[in-house]
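Data block below; observations after.
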Amino acid sequence: MTGYIRLETIDLLLAALLLFVNGGLSLALQLGLAKRLAWAAARMVVQLLAVGFVLKALFAAASPWLTAGAALAMILFAGREIVARQDRRLAGWWAYGLGVGCMAVAAIAVTLFALTTQIQADPWYDPRFALPLLGMVLGNAMTGIALGLDTLTTTVARERPAIEAQLALGATRMQALRPASRTALRSALMPMVNAMAAAGLVSLPGMMTGQILAGVDPVEATKYQLLVMFLLAGASALGAVLAVLGAVRRLTDARHRLRTDRLAR
Amino acid sequence: MLSVRGLQVPHLEPVSFELDTGRCLAVQGPSGSGKSLLLRALADLDPGDGAVALDGTDRTALPAPTWRRRVVYLATDAGWWLETVGGHFADWEAIAPALAELGLPGDCRDWPVAQLSTGERQRLALLRALAIGPRVLLLDEPTSGLDPDTTTAVEALLTARKRAGLTLVWVTHDAAQAARVGDQVRQVRNGALVAA
């Protein structure tokens, strides 16, 4: 690694001055954002610093149990986010359980695959590789699952007469819910498709930018970014398919009835 | 023969009746009294206890989709899942005579569903249900959106199908219609299905 420029506290303070531009703008134009801006900035500083120290400690310990604990905490937080992003959610523990379950399966499978084949960290659970990878994979699986479930439940609630008309004419639950499942999966996978199509032209992906700033050769950084994009695409597709199929089953029953009563009011 | 024993329906006491093949049971009563829920329960579209059998075969012995192709529920304002009318029918040619009988133009195959009037939707949904070839048809106010002439045409069409062996359960708020179409007439009164 060559050319890595270490940041001093004074550098950050100078950069933080830019926030005062936003604050001044808010006051001058009466946008009413000044307080929320200050709060959000303070939260960000505390959260990121805390994560930095936690990661440092985890990397130093390099313990499989601590790493697994951190991974579990990340998964549970992401699960809460999935629930919060749904307008019409499944009633009871299903909204959380289904989201977390599918996300955990998809993210863990994809991360383990990368750690044991492409990255070949030693030991394989080395938190310096496992946690950042899991974080990126988890974030994308979370978005895919949240969008997929939200689209499915709103579509099913809206299209209830059309779905029941098909069921009443002898369609199976998979046949009757196929249009809704398709819409849900399209919307779940769209952000990933867009991100891949725009990568490099419109946006330089954050991880690649970070590696370049850290002094890595751009072509090497690109290879890492490609690996990560493939992992992200795989995780969001796997997670979204599991979640949407699971929700289709939960929204119907063994007698092929539509059970919108299993959506929270 | 359709036989129903102790069928649980919300707002109604457990329902029992027997209906011979090729007969029509008219169920009359005020709206909101549970008539539609009775039809949904017969088609197994809502969960609920009770025994329903067709020609001696209990519905639990059949996969639900098979049961619902034999005992078809037609909602008052049934849904549509494709853009145009034609896609909802497996064999458009087969329904051509019935289209004319119900006063629908033969070229409505390519019409967008969204442009149909309530009455057109209702008649086309009836033809769609008949096209499945049900043995029992559960009709929920099938003429609510129709003018008197078209109502007569629908009643005539269904009576002809009944003579050919189709069994009907016909829910209506209209006592006169119930008397016209029903071989048996029952009323929903105070949550019970009683003889009119």
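Chain labels run A, B, ... following the order of the structure tokens; each chain numbers its residues from 1, and ligands are numbered from 1 in the order shown.
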
7 Å contacts from chain A to chain B using only C-alpha atoms, as number ranges by chain:
A: 161-162, 165, 168-172, 255-257

Residues from last step as file, C-alpha atoms, as a PDB file, in the first residue's frame:
```pdb
ATOM      1  CA  PRO A 161     -60.424  -9.154  -6.005  1.00  0.00           C
ATOM      2  CA  ALA A 162     -58.356 -10.273  -9.013  1.00  0.00           C
ATOM      3  CA  ALA A 165     -61.402 -14.329  -8.832  1.00  0.00           C
ATOM      4  CA  ALA A 168     -62.629 -19.033  -7.257  1.00  0.00           C
ATOM      5  CA  LEU A 169     -62.119 -20.377 -10.787  1.00  0.00           C
ATOM      6  CA  GLY A 170     -59.817 -23.129  -9.541  1.00  0.00           C
ATOM      7  CA  ALA A 171     -56.355 -21.560  -9.786  1.00  0.00           C
ATOM      8  CA  THR A 172     -53.743 -22.790  -7.330  1.00  0.00           C
ATOM      9  CA  ARG A 255     -56.628 -25.041   0.917  1.00  0.00           C
ATOM     10  CA  HIS A 256     -55.406 -22.348  -1.515  1.00  0.00           C
ATOM     11  CA  ARG A 257     -57.292 -19.527   0.183  1.00  0.00           C
TER      12      ARG A 257
END
```

Name all residues at most 10 Å from Gln28 (chain B) (count only C-alpha atoms; drop same-chain ones fewer than 5 positions away) and give them as a ChimeraX atom specification.
/B:33,35,141,170-179,182,185-189,193-194,196

Please report the interatomic distance between CA of Ala60 (chain A) and CA of Thr116 (chain A) in Å with one decimal.
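These two atoms are separated by 21.1 Å.
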
Can you list, as an MDAnalysis selection string, all residues belonging to region 58-164 of chain A that DSSP tags as helix (DSSP H, G or I)?
chainID A and resid 58:61 64:84 94:119 127:158 160:164

Which residues are close to Leu152 (chain A), i.e. within 10 Å by only C-alpha atoms, leaving aside same-chain residues fewer than 6 positions away? Reply as a PDB file with N, CA and C atoms, in the first residue's frame.
```pdb
ATOM      1  N   ARG A  88     -47.643  -2.514   4.670  1.00  0.00           N
ATOM      2  CA  ARG A  88     -48.549  -3.573   5.100  1.00  0.00           C
ATOM      3  C   ARG A  88     -47.687  -4.771   5.442  1.00  0.00           C
ATOM      4  N   ARG A  89     -47.473  -4.994   6.730  1.00  0.00           N
ATOM      5  CA  ARG A  89     -46.595  -6.114   7.061  1.00  0.00           C
ATOM      6  C   ARG A  89     -47.402  -7.311   7.518  1.00  0.00           C
ATOM      7  N   ALA A 146     -36.662  -6.096   1.789  1.00  0.00           N
ATOM      8  CA  ALA A 146     -37.642  -5.093   2.227  1.00  0.00           C
ATOM      9  C   ALA A 146     -38.514  -4.662   1.047  1.00  0.00           C
ATOM     10  N   ARG A 158     -54.023  -4.812  -2.695  1.00  0.00           N
ATOM     11  CA  ARG A 158     -54.701  -4.026  -3.724  1.00  0.00           C
ATOM     12  C   ARG A 158     -55.400  -4.934  -4.739  1.00  0.00           C
ATOM     13  N   LEU A 177     -51.130 -16.042  -7.396  1.00  0.00           N
ATOM     14  CA  LEU A 177     -50.242 -14.996  -6.881  1.00  0.00           C
ATOM     15  C   LEU A 177     -49.014 -14.772  -7.763  1.00  0.00           C
ATOM     16  N   PRO A 179     -48.615 -13.127 -10.679  1.00  0.00           N
ATOM     17  CA  PRO A 179     -48.355 -11.725 -11.082  1.00  0.00           C
ATOM     18  C   PRO A 179     -47.823 -10.886  -9.921  1.00  0.00           C
ATOM     19  N   ALA A 180     -48.401 -11.071  -8.738  1.00  0.00           N
ATOM     20  CA  ALA A 180     -47.952 -10.289  -7.580  1.00  0.00           C
ATOM     21  C   ALA A 180     -46.519 -10.656  -7.205  1.00  0.00           C
ATOM     22  N   SER A 181     -46.181 -11.962  -7.249  1.00  0.00           N
ATOM     23  CA  SER A 181     -44.815 -12.365  -6.905  1.00  0.00           C
ATOM     24  C   SER A 181     -43.829 -11.790  -7.903  1.00  0.00           C
ATOM     25  N   ARG A 182     -44.248 -11.780  -9.181  1.00  0.00           N
ATOM     26  CA  ARG A 182     -43.351 -11.271 -10.206  1.00  0.00           C
ATOM     27  C   ARG A 182     -43.084  -9.781  -9.995  1.00  0.00           C
ATOM     28  N   THR A 183     -44.150  -9.021  -9.739  1.00  0.00           N
ATOM     29  CA  THR A 183     -43.991  -7.590  -9.464  1.00  0.00           C
ATOM     30  C   THR A 183     -43.064  -7.378  -8.279  1.00  0.00           C
ATOM     31  N   ALA A 184     -43.262  -8.186  -7.228  1.00  0.00           N
ATOM     32  CA  ALA A 184     -42.458  -8.028  -6.011  1.00  0.00           C
ATOM     33  C   ALA A 184     -40.981  -8.318  -6.295  1.00  0.00           C
ATOM     34  N   LEU A 185     -40.706  -9.381  -7.045  1.00  0.00           N
ATOM     35  CA  LEU A 185     -39.306  -9.730  -7.301  1.00  0.00           C
ATOM     36  C   LEU A 185     -38.647  -8.717  -8.231  1.00  0.00           C
ATOM     37  N   SER A 187     -39.308  -5.546  -8.349  1.00  0.00           N
ATOM     38  CA  SER A 187     -38.968  -4.347  -7.578  1.00  0.00           C
ATOM     39  C   SER A 187     -37.831  -4.642  -6.600  1.00  0.00           C
ATOM     40  N   ALA A 188     -37.727  -5.898  -6.131  1.00  0.00           N
ATOM     41  CA  ALA A 188     -36.635  -6.244  -5.215  1.00  0.00           C
ATOM     42  C   ALA A 188     -35.282  -6.209  -5.929  1.00  0.00           C
ATOM     43  N   ALA A 243     -37.733 -14.733   0.584  1.00  0.00           N
ATOM     44  CA  ALA A 243     -38.696 -13.956   1.360  1.00  0.00           C
ATOM     45  C   ALA A 243     -40.041 -13.876   0.643  1.00  0.00           C
ATOM     46  N   VAL A 244     -40.008 -13.629  -0.680  1.00  0.00           N
ATOM     47  CA  VAL A 244     -41.276 -13.481  -1.409  1.00  0.00           C
ATOM     48  C   VAL A 244     -42.023 -14.817  -1.447  1.00  0.00           C
ATOM     49  N   LEU A 245     -41.296 -15.918  -1.706  1.00  0.00           N
ATOM     50  CA  LEU A 245     -41.975 -17.216  -1.728  1.00  0.00           C
ATOM     51  C   LEU A 245     -42.524 -17.556  -0.344  1.00  0.00           C
ATOM     52  N   ALA A 247     -43.476 -15.417   1.929  1.00  0.00           N
ATOM     53  CA  ALA A 247     -44.630 -14.566   2.202  1.00  0.00           C
ATOM     54  C   ALA A 247     -45.844 -15.025   1.403  1.00  0.00           C
ATOM     55  N   VAL A 248     -45.622 -15.508   0.167  1.00  0.00           N
ATOM     56  CA  VAL A 248     -46.742 -16.033  -0.627  1.00  0.00           C
ATOM     57  C   VAL A 248     -47.384 -17.207   0.111  1.00  0.00           C
ATOM     58  N   LEU A 251     -49.341 -15.898   3.082  1.00  0.00           N
ATOM     59  CA  LEU A 251     -50.554 -15.146   2.717  1.00  0.00           C
ATOM     60  C   LEU A 251     -51.629 -16.046   2.111  1.00  0.00           C
TER      61      LEU A 251
END
```

Determine the nearest neighbour of Met136 (chain A) from the options A:Arg259, A:Met207, A:Ala121, A:Leu201, counting only C-alpha atoms.
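Answer, going by the shortest atom-to-atom distance: A:Met207.
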
So the first atom is CA of Leu133 (chain A) and the second is CA of Val228 (chain A); what is the distance between them in Å, to one decimal place?
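Straight-line distance from CA of Leu133 (chain A) to CA of Val228 (chain A) works out to 7.9 Å.
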
Name all residues at most 6 Å from Ala107 (chain A) (count only C-alpha atoms; drop same-chain ones fewer than 5 positions away) and give them as number ranges by chain.
A: 137-138, 235

Would you export the selected residues with N, CA and C atoms as a compact mmCIF listing (two decimals), in the first residue's frame, please?
```
# COMPACT_ATOMS: atom_id res chain seq x y z
N VAL A 137 -22.96 -7.23 2.05
CA VAL A 137 -23.92 -8.22 1.55
C VAL A 137 -25.26 -8.05 2.25
N LEU A 138 -25.18 -7.86 3.57
CA LEU A 138 -26.39 -7.71 4.38
C LEU A 138 -27.19 -6.49 3.95
N ALA A 235 -26.70 -12.26 -3.25
CA ALA A 235 -27.38 -12.24 -1.95
C ALA A 235 -28.75 -11.60 -2.07
```

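Closest approach to Leu54 (chain B) from the set B:Val136, B:Leu38, B:Gln122, B:Ala156 is made by B:Val136, with distances taken over only C-alpha atoms.
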